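Notes follow the structure.
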Amino acid sequence: MRRAITLENRVQRKVSEDTLNKYNYRSFQTTEIGHPDIQRVAPKVHVTTGDNKVVESLRDVVKKTVHDGMTISFHHHFRNGDFVFNQVMEIILDEGIKDLTLAPSSLTGVMNDAVIEAIKAGTITHITSSGMRGSLGEFVSHGGLKNPVIFRSHGNRARAIEHGDIKIDVAFLGVPNADRLGNANGMKGDAVFGSLGYALMDAQYADKVVLVTDNIVDYPNTPASIKQTQVDYVVKVKQVGDPDKIGSDATRFTKDPKELKIAKTVNDVIVNSNYFKEGFSFQTGSGGAALAVTRYLRKAMIDNQITASFALGGITKPTTDLLKEGLVKKVMDVQDFDKGAADAMQSEENQQEIDASWYADPDNKGAMVDQLDVAILSALEIDTNFNVNVMSGSDGVIRGAIGGHQDAGTAKLTIISAPLVRGRIATVVPQVTTVVTPGDSIDVLVTEYGIAINPKRKDLIGQLNNIPGVPVYSIEELQKMAEHKVGTPEPLEFTDRTVALIEYRDGTLIDTIKEVKD
């Protein structure tokens with residue numbers, strides 16, 4: 001019997017040569033993308049000259065477009081308010097279609113039951129996504145899917161679509177409005193969600209594009225984010241989504257003293273760095289602590305009479321409020337996390353909708369993330385090499401998403417904002433369960449007890465060593481502090497079976513997730 005050869009990549013993760021060969025991967029070695037010449041793919045186009053693409057039956061469109069073995073896609077801009085996915089999947093299951101690859105921009109909790117049912121029926125046999133949580137993450141982690149899930153960042157998904165690594169046969173894109181030929185945007189209607197940034201990739205590259213809407217408007221519908229030149233069918237349904245569930249818990253304002261202390265310290269780090277200057281740029285993300293950072297940053301900008309050139313990423317109302325106040329000159333918007341940010345797109349000319357490629361694709365002529373000065377990111381775990389896990393929990397179960405984490409890690413100052421421990425679980429650990437973002441991308445860890453600066457950033461050590469009230473530790477010291485509080489957990493047990501492949505943003509393999517042993 002041939003002995004399996006195991007290779008170690010840049011973040012000391014061992015991957016068998018058989019796995020690399022089977023899935024046609026190169027092992028992750030560097031965060032440097034380089035300057036390659038890239039040949040992109042193009043979709044098939046069924047030429048249309050008629051004056052109406054509206055059809056009344058979603059079932060008829062599914063039967064006409066979806067067949068065994070295809071790749072289908074959806075977007076996640078509705079988040080937990082999405083009604084489109086389950087309507088389409090119910091029809092696909094009824095029709096007995098098999099062996100589909102599911103390739104959404106991400107999977108939200110409202111989709112979980114339908115996906116699990118489809119996997120059990122043999123309807124879905126492959127998945128590629130940014131992440132998954134809840135019952136679906138549990139199901140996959142315990143070996144429920146025949147083939148490994150491929151997890152990609154938002155920028156990497158755009159890259160994979162443009163390269164043809166993801167070849168979408170049919171894209172079902174829910175929109176709050178569309179005209180009879182398929183001109184649509186996310187800014188008008190009952191189910192407004194703002195930017196269509198992730199769906200724009202599917203609209204451009206899928207062979208068949210089906211818009212699903214509850215609001216047919218007069219032609220021509222402008223501004224048109226998705227254009228009639230890209231659309232094959234427009235389907236009218238009763239309701240596409242619940243806009244009140246777009247934000248869910250992602251945009252809550254925290255009152256937790258620990259989160260507020262972390263947020264204030266993050267602000268102190270930014271303000272005391274050399275990057276806090278007129279015209280700086282930033283990405284703060286969503287979640288209670290991140291929104292608190294935005295509030296602290298607002299005050300610091302006012303006090304220091306500094307304005308930002310642009311804010312980037314998933315956008316919240318506090319960020320669009322900075323735009324209205326003139327503290328931020330431009331908002332580059334790939335997704336809106338709440339109704340306030342979505343509504344602002346209708347009136348704010350400086351709130352620019354951008355697609356996922358413009359946002360973060362590493363293989364283009366210049367992504368927005370390449371221009372970021374400051375990025376504030378979260379972590380489920382961070383280890384003593386500054387590697388970050390946002391994908392699997394302390395029990396080894398998939399319960400997160402890469403999102404734009406790896407992409408924004410290219411910022412000049414990348415800050416991880418995280419508590420030292422969560423309950424009885426350490427956040428700062430000797431080795432993360434799953435490497436998602438490599439330590440080379442991380443500059444500062446901020447906890448409620450103090451900060452740790454990546455030793456490679458000697459310039460930041462000089463800038464941040466003497467902030468009043470902000471202790472500086474080595475990351476090893478913070479790890480020991482966490483261990484002292486919660487003890488050393490028993491090692492996780494996995495089988496040899498791979499249930500998920502984690503790509504770095506350039507398409508190389510950075511880690512794998514094994515099946516949790518029952």
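Identifiers for the structure tokens are assigned positionally: chains receive A, B, ... in sequence, residues are indexed from 1 per chain, and ligands are indexed from 1 in the order shown.
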_Selection: 12 Å around segment 65-72 of chain A, only C-alpha atoms, excl. self and same-chain fewer than 5 positions, as an NGL selection string_ = :A and (58-60 or 85 or 88-89 or 91-93 or 95-105 or 122-129 or 161 or 164-173 or 202 or 205-210 or 232-233)
_Selection: 12 Å around Asn52 of chain A, only C-alpha atoms, excl. self and same-chain fewer than 3 positions, as a ChimeraX atom specification_ = /A:48-49,55-56,178-183,216,218-220,228,231-235
Within 9 Å of segment 308-315 of chain A, counting only C-alpha atoms, which residues show up once you throw out same-chain ones fewer than 2 positions away? Write them as a short mmCIF file (atom, residue, chain, number, x, y, z; two decimals) with C-alpha atoms, in the first residue's frame, please.
data_model
loop_
_atom_site.label_atom_id
_atom_site.label_comp_id
_atom_site.auth_asym_id
_atom_site.auth_seq_id
_atom_site.Cartn_x
_atom_site.Cartn_y
_atom_site.Cartn_z
CA LYS A 277 -5.11 61.07 9.64
CA GLU A 278 -7.07 63.17 7.17
CA GLY A 279 -8.40 61.02 4.35
CA PHE A 280 -7.95 57.64 6.05
CA SER A 281 -10.25 54.74 5.11
CA PHE A 282 -11.85 52.02 7.21
CA GLN A 283 -14.08 48.95 7.44
CA THR A 284 -15.81 48.21 10.76
CA GLY A 285 -18.35 45.48 9.95
CA SER A 286 -21.49 44.68 11.95
CA MET A 301 -12.98 62.30 14.13
CA ILE A 306 -10.51 64.51 10.63
CA LYS A 317 -26.88 52.99 9.50
CA PRO A 318 -24.19 54.40 11.83
CA THR A 319 -21.82 54.41 8.84
CA THR A 320 -24.32 56.13 6.52
CA LEU A 323 -21.69 60.11 5.45
CA GLY A 326 -19.72 64.82 6.23
CA LEU A 327 -17.30 62.79 8.37
CA VAL A 328 -17.02 60.19 5.60
CA LYS A 329 -16.83 61.37 2.00
CA LYS A 330 -17.83 58.12 0.26
CA VAL A 331 -19.43 54.84 1.31
CA MET A 332 -18.47 51.91 -0.92
CA ASP A 333 -21.36 49.53 -0.36
CA VAL A 334 -21.31 45.82 -1.22
CA GLN A 335 -24.06 44.86 1.26
CA ASP A 336 -26.37 46.62 3.72
CA PHE A 337 -26.81 45.12 7.17
CA ASP A 338 -29.88 47.12 8.20
CA ALA A 341 -28.34 51.75 5.39
CA ALA A 342 -30.53 50.23 2.66
CA TYR A 359 -14.88 45.06 -3.35
CA MET A 368 -11.20 48.40 -2.81
CA VAL A 369 -9.74 46.31 0.03
CA LEU A 372 -7.99 50.11 3.17
CA GLY A 404 -14.88 39.33 3.89
CA ALA A 408 -10.20 42.97 4.66
#
*Pull the alpha helix (DSSP H) assignments for segment 224-351 of chain A out of DSSP run on the backbone, and list those residues as a ChimeraX atom specification.*
/A:257-272,288-304,317-325,339-344
With C-alpha atoms retained, export the selected residues as a PDB file, in the first residue's frame.
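Writing the result to result11.pdb gives the following:
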ATOM      1  CA  PRO A 257     -19.589  46.623  29.482  1.00  0.00           C
ATOM      2  CA  LYS A 258     -17.022  44.141  28.146  1.00  0.00           C
ATOM      3  CA  GLU A 259     -17.902  44.865  24.500  1.00  0.00           C
ATOM      4  CA  LEU A 260     -17.907  48.609  25.162  1.00  0.00           C
ATOM      5  CA  LYS A 261     -14.456  48.409  26.772  1.00  0.00           C
ATOM      6  CA  ILE A 262     -13.119  46.444  23.798  1.00  0.00           C
ATOM      7  CA  ALA A 263     -14.679  48.962  21.384  1.00  0.00           C
ATOM      8  CA  LYS A 264     -13.121  51.909  23.234  1.00  0.00           C
ATOM      9  CA  THR A 265      -9.720  50.192  23.165  1.00  0.00           C
ATOM     10  CA  VAL A 266     -10.062  49.502  19.421  1.00  0.00           C
ATOM     11  CA  ASN A 267     -10.729  53.211  18.953  1.00  0.00           C
ATOM     12  CA  ASP A 268      -7.683  54.076  21.095  1.00  0.00           C
ATOM     13  CA  VAL A 269      -5.523  51.828  18.906  1.00  0.00           C
ATOM     14  CA  ILE A 270      -6.787  53.463  15.713  1.00  0.00           C
ATOM     15  CA  VAL A 271      -6.444  57.026  16.992  1.00  0.00           C
ATOM     16  CA  ASN A 272      -2.903  56.444  18.294  1.00  0.00           C
ATOM     17  CA  GLY A 288     -22.568  45.193  18.749  1.00  0.00           C
ATOM     18  CA  ALA A 289     -18.879  45.871  19.385  1.00  0.00           C
ATOM     19  CA  ALA A 290     -18.261  46.982  15.798  1.00  0.00           C
ATOM     20  CA  LEU A 291     -21.138  49.471  15.942  1.00  0.00           C
ATOM     21  CA  ALA A 292     -19.755  50.801  19.210  1.00  0.00           C
ATOM     22  CA  VAL A 293     -16.375  51.298  17.504  1.00  0.00           C
ATOM     23  CA  THR A 294     -18.119  53.407  14.860  1.00  0.00           C
ATOM     24  CA  ARG A 295     -19.598  55.624  17.580  1.00  0.00           C
ATOM     25  CA  TYR A 296     -16.256  56.083  19.338  1.00  0.00           C
ATOM     26  CA  LEU A 297     -14.553  56.737  16.017  1.00  0.00           C
ATOM     27  CA  ARG A 298     -17.143  59.382  15.150  1.00  0.00           C
ATOM     28  CA  LYS A 299     -16.310  61.331  18.309  1.00  0.00           C
ATOM     29  CA  ALA A 300     -12.567  61.000  17.676  1.00  0.00           C
ATOM     30  CA  MET A 301     -12.983  62.296  14.127  1.00  0.00           C
ATOM     31  CA  ILE A 302     -14.965  65.290  15.336  1.00  0.00           C
ATOM     32  CA  ASP A 303     -12.505  66.028  18.172  1.00  0.00           C
ATOM     33  CA  ASN A 304      -9.516  65.820  15.830  1.00  0.00           C
ATOM     34  CA  LYS A 317     -26.882  52.988   9.499  1.00  0.00           C
ATOM     35  CA  PRO A 318     -24.193  54.401  11.831  1.00  0.00           C
ATOM     36  CA  THR A 319     -21.823  54.411   8.840  1.00  0.00           C
ATOM     37  CA  THR A 320     -24.317  56.129   6.519  1.00  0.00           C
ATOM     38  CA  ASP A 321     -24.939  58.641   9.319  1.00  0.00           C
ATOM     39  CA  LEU A 322     -21.222  59.514   9.173  1.00  0.00           C
ATOM     40  CA  LEU A 323     -21.686  60.115   5.447  1.00  0.00           C
ATOM     41  CA  LYS A 324     -24.621  62.457   6.090  1.00  0.00           C
ATOM     42  CA  GLU A 325     -22.578  64.356   8.669  1.00  0.00           C
ATOM     43  CA  LYS A 339     -32.859  48.956   6.775  1.00  0.00           C
ATOM     44  CA  GLY A 340     -31.359  52.359   7.597  1.00  0.00           C
ATOM     45  CA  ALA A 341     -28.336  51.751   5.387  1.00  0.00           C
ATOM     46  CA  ALA A 342     -30.530  50.232   2.661  1.00  0.00           C
ATOM     47  CA  ASP A 343     -32.907  53.210   2.686  1.00  0.00           C
ATOM     48  CA  ALA A 344     -29.988  55.643   2.504  1.00  0.00           C
TER      49      ALA A 344
END
_Counting only C-alpha atoms, which residue out of A:Ala184, A:Leu377, A:Ile116, A:Ile38 sits closest to Ala203 of chain A?_
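The closest residue to Ala203 of chain A is A:Ala184.
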*Polymer residues at most 9 Å from Val499 of chain A, only C-alpha atoms, same-chain spacing of 3 or more positions, as a PyMOL selection string*: chain A and resi 140-150+512-515
*If you measure from atom CA of Phe28 of chain A to atom CA of Val11 of chain A, what distance in Å do you get, rounded to one decimal?*
8.0 Å
_Spatial neighbours of Ala360 of chain A, max dist 9 Å, only C-alpha atoms, sep filter under 5 positions, as a PyMOL selection string_ = chain A and resi 153-156+158-159+355+366-370+404+407-408+505
*Closest of A:Thr6, A:Asn274, A:Ser135, A:Thr437 to Val397 of chain A - atom-to-atom distances counting only C-alpha atoms*: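 Ranked by minimum distance to Val397 of chain A, first place goes to A:Ser135.
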*For Gly450 of chain A, which residue among A:Met391, A:Ile354, A:Ala418, A:Val240 is the nearest when counting only C-alpha atoms?*
A:Ala418
*asked:* If I take atom CA of Thr316 of chain A and atom CA of Asp383 of chain A, how far is one from the other in Å, to one decimal?
replied: 29.4 Å
*What is the atom CA of Asn112 of chain A-atom CA of Ile425 of chain A distance in Å, reported with one decimal?*
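Between these atoms lies a distance of 26.1 Å.
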*Can you list, as a list in words, every residue of segment 154-233 of chain A that DSSP puts in strand (DSSP E or B)?*
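Listing strand (DSSP E or B) positions across segment 154-233 of chain A yields Val170, Ala171, Phe172, Leu173, Gly174, Ala178, Ala184, Lys208, Val209, Val210, Leu211, Val212, Thr213, Ile216, Ile226 and Tyr233 of chain A.
Around Pro491 of chain A, within 12 Å and counting only C-alpha atoms, the residues found are Ser394, Asp395, Gly396, Pro430, Gln431, Val432, Thr433, Thr488, Phe494, Val516 and Lys517 of chain A, once anything fewer than 3 positions away on its own chain is removed.
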Those same residues - all heavy atoms - I'd like them written as a PDB file, in the first residue's frame.
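Final file, again-v2.pdb:
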ATOM      1  N   SER A 394     -15.551  25.842  19.218  1.00  0.00           N
ATOM      2  CA  SER A 394     -14.613  25.118  20.076  1.00  0.00           C
ATOM      3  C   SER A 394     -14.910  23.621  20.102  1.00  0.00           C
ATOM      4  O   SER A 394     -14.072  22.828  20.521  1.00  0.00           O
ATOM      5  CB  SER A 394     -14.683  25.674  21.499  1.00  0.00           C
ATOM      6  OG  SER A 394     -16.002  25.530  22.020  1.00  0.00           O
ATOM      7  N   ASP A 395     -16.109  23.224  19.646  1.00  0.00           N
ATOM      8  CA  ASP A 395     -16.468  21.812  19.544  1.00  0.00           C
ATOM      9  C   ASP A 395     -16.169  21.227  18.172  1.00  0.00           C
ATOM     10  O   ASP A 395     -16.489  20.073  17.894  1.00  0.00           O
ATOM     11  CB  ASP A 395     -17.956  21.623  19.865  1.00  0.00           C
ATOM     12  CG  ASP A 395     -18.861  22.503  18.999  1.00  0.00           C
ATOM     13  OD1 ASP A 395     -18.340  23.264  18.153  1.00  0.00           O
ATOM     14  OD2 ASP A 395     -20.088  22.441  19.186  1.00  0.00           O
ATOM     15  N   GLY A 396     -15.569  22.043  17.281  1.00  0.00           N
ATOM     16  CA  GLY A 396     -15.219  21.583  15.950  1.00  0.00           C
ATOM     17  C   GLY A 396     -16.337  21.673  14.936  1.00  0.00           C
ATOM     18  O   GLY A 396     -16.144  21.359  13.762  1.00  0.00           O
ATOM     19  N   PRO A 430      -3.573  28.276  21.974  1.00  0.00           N
ATOM     20  CA  PRO A 430      -2.262  27.941  21.388  1.00  0.00           C
ATOM     21  C   PRO A 430      -2.338  27.698  19.885  1.00  0.00           C
ATOM     22  O   PRO A 430      -1.419  28.058  19.138  1.00  0.00           O
ATOM     23  CB  PRO A 430      -1.865  26.658  22.131  1.00  0.00           C
ATOM     24  CG  PRO A 430      -2.649  26.684  23.394  1.00  0.00           C
ATOM     25  CD  PRO A 430      -3.949  27.345  23.059  1.00  0.00           C
ATOM     26  N   GLN A 431      -3.434  27.060  19.438  1.00  0.00           N
ATOM     27  CA  GLN A 431      -3.590  26.765  18.016  1.00  0.00           C
ATOM     28  C   GLN A 431      -5.087  26.757  17.688  1.00  0.00           C
ATOM     29  O   GLN A 431      -5.862  26.056  18.331  1.00  0.00           O
ATOM     30  CB  GLN A 431      -2.969  25.408  17.687  1.00  0.00           C
ATOM     31  CG  GLN A 431      -2.894  25.097  16.205  1.00  0.00           C
ATOM     32  CD  GLN A 431      -2.176  23.785  15.928  1.00  0.00           C
ATOM     33  OE1 GLN A 431      -2.652  22.716  16.283  1.00  0.00           O
ATOM     34  NE2 GLN A 431      -1.012  23.872  15.287  1.00  0.00           N
ATOM     35  N   VAL A 432      -5.487  27.538  16.702  1.00  0.00           N
ATOM     36  CA  VAL A 432      -6.905  27.613  16.352  1.00  0.00           C
ATOM     37  C   VAL A 432      -7.387  26.282  15.776  1.00  0.00           C
ATOM     38  O   VAL A 432      -6.610  25.508  15.207  1.00  0.00           O
ATOM     39  CB  VAL A 432      -7.195  28.745  15.337  1.00  0.00           C
ATOM     40  CG1 VAL A 432      -6.965  30.104  15.964  1.00  0.00           C
ATOM     41  CG2 VAL A 432      -6.396  28.579  14.050  1.00  0.00           C
ATOM     42  N   THR A 433      -8.687  26.024  15.921  1.00  0.00           N
ATOM     43  CA  THR A 433      -9.277  24.801  15.388  1.00  0.00           C
ATOM     44  C   THR A 433      -9.190  24.771  13.869  1.00  0.00           C
ATOM     45  O   THR A 433      -8.861  23.750  13.267  1.00  0.00           O
ATOM     46  CB  THR A 433     -10.750  24.688  15.832  1.00  0.00           C
ATOM     47  OG1 THR A 433     -10.820  24.816  17.258  1.00  0.00           O
ATOM     48  CG2 THR A 433     -11.363  23.368  15.402  1.00  0.00           C
ATOM     49  N   THR A 488      -7.525  24.072  30.520  1.00  0.00           N
ATOM     50  CA  THR A 488      -7.136  23.500  29.233  1.00  0.00           C
ATOM     51  C   THR A 488      -8.191  22.488  28.802  1.00  0.00           C
ATOM     52  O   THR A 488      -8.427  21.499  29.504  1.00  0.00           O
ATOM     53  CB  THR A 488      -5.777  22.792  29.341  1.00  0.00           C
ATOM     54  OG1 THR A 488      -4.794  23.724  29.824  1.00  0.00           O
ATOM     55  CG2 THR A 488      -5.337  22.268  27.986  1.00  0.00           C
ATOM     56  N   PHE A 494     -11.712  14.000  15.882  1.00  0.00           N
ATOM     57  CA  PHE A 494     -12.264  13.987  14.532  1.00  0.00           C
ATOM     58  C   PHE A 494     -11.981  12.637  13.881  1.00  0.00           C
ATOM     59  O   PHE A 494     -11.048  11.934  14.260  1.00  0.00           O
ATOM     60  CB  PHE A 494     -11.625  15.093  13.673  1.00  0.00           C
ATOM     61  CG  PHE A 494     -11.834  16.491  14.189  1.00  0.00           C
ATOM     62  CD1 PHE A 494     -10.874  17.105  14.976  1.00  0.00           C
ATOM     63  CD2 PHE A 494     -12.984  17.195  13.881  1.00  0.00           C
ATOM     64  CE1 PHE A 494     -11.047  18.394  15.451  1.00  0.00           C
ATOM     65  CE2 PHE A 494     -13.176  18.482  14.348  1.00  0.00           C
ATOM     66  CZ  PHE A 494     -12.212  19.093  15.137  1.00  0.00           C
ATOM     67  N   VAL A 516     -16.606  15.639  12.783  1.00  0.00           N
ATOM     68  CA  VAL A 516     -16.579  15.519  14.239  1.00  0.00           C
ATOM     69  C   VAL A 516     -16.909  14.084  14.639  1.00  0.00           C
ATOM     70  O   VAL A 516     -17.871  13.492  14.138  1.00  0.00           O
ATOM     71  CB  VAL A 516     -17.587  16.494  14.878  1.00  0.00           C
ATOM     72  CG1 VAL A 516     -17.656  16.282  16.388  1.00  0.00           C
ATOM     73  CG2 VAL A 516     -17.207  17.940  14.570  1.00  0.00           C
ATOM     74  N   LYS A 517     -16.093  13.527  15.527  1.00  0.00           N
ATOM     75  CA  LYS A 517     -16.321  12.157  15.976  1.00  0.00           C
ATOM     76  C   LYS A 517     -17.439  12.154  17.016  1.00  0.00           C
ATOM     77  O   LYS A 517     -17.402  12.906  17.996  1.00  0.00           O
ATOM     78  CB  LYS A 517     -15.044  11.579  16.573  1.00  0.00           C
ATOM     79  CG  LYS A 517     -15.161  10.117  16.981  1.00  0.00           C
ATOM     80  CD  LYS A 517     -13.847   9.575  17.531  1.00  0.00           C
ATOM     81  CE  LYS A 517     -12.833   9.354  16.419  1.00  0.00           C
ATOM     82  NZ  LYS A 517     -11.608   8.672  16.936  1.00  0.00           N
TER      83      LYS A 517
END
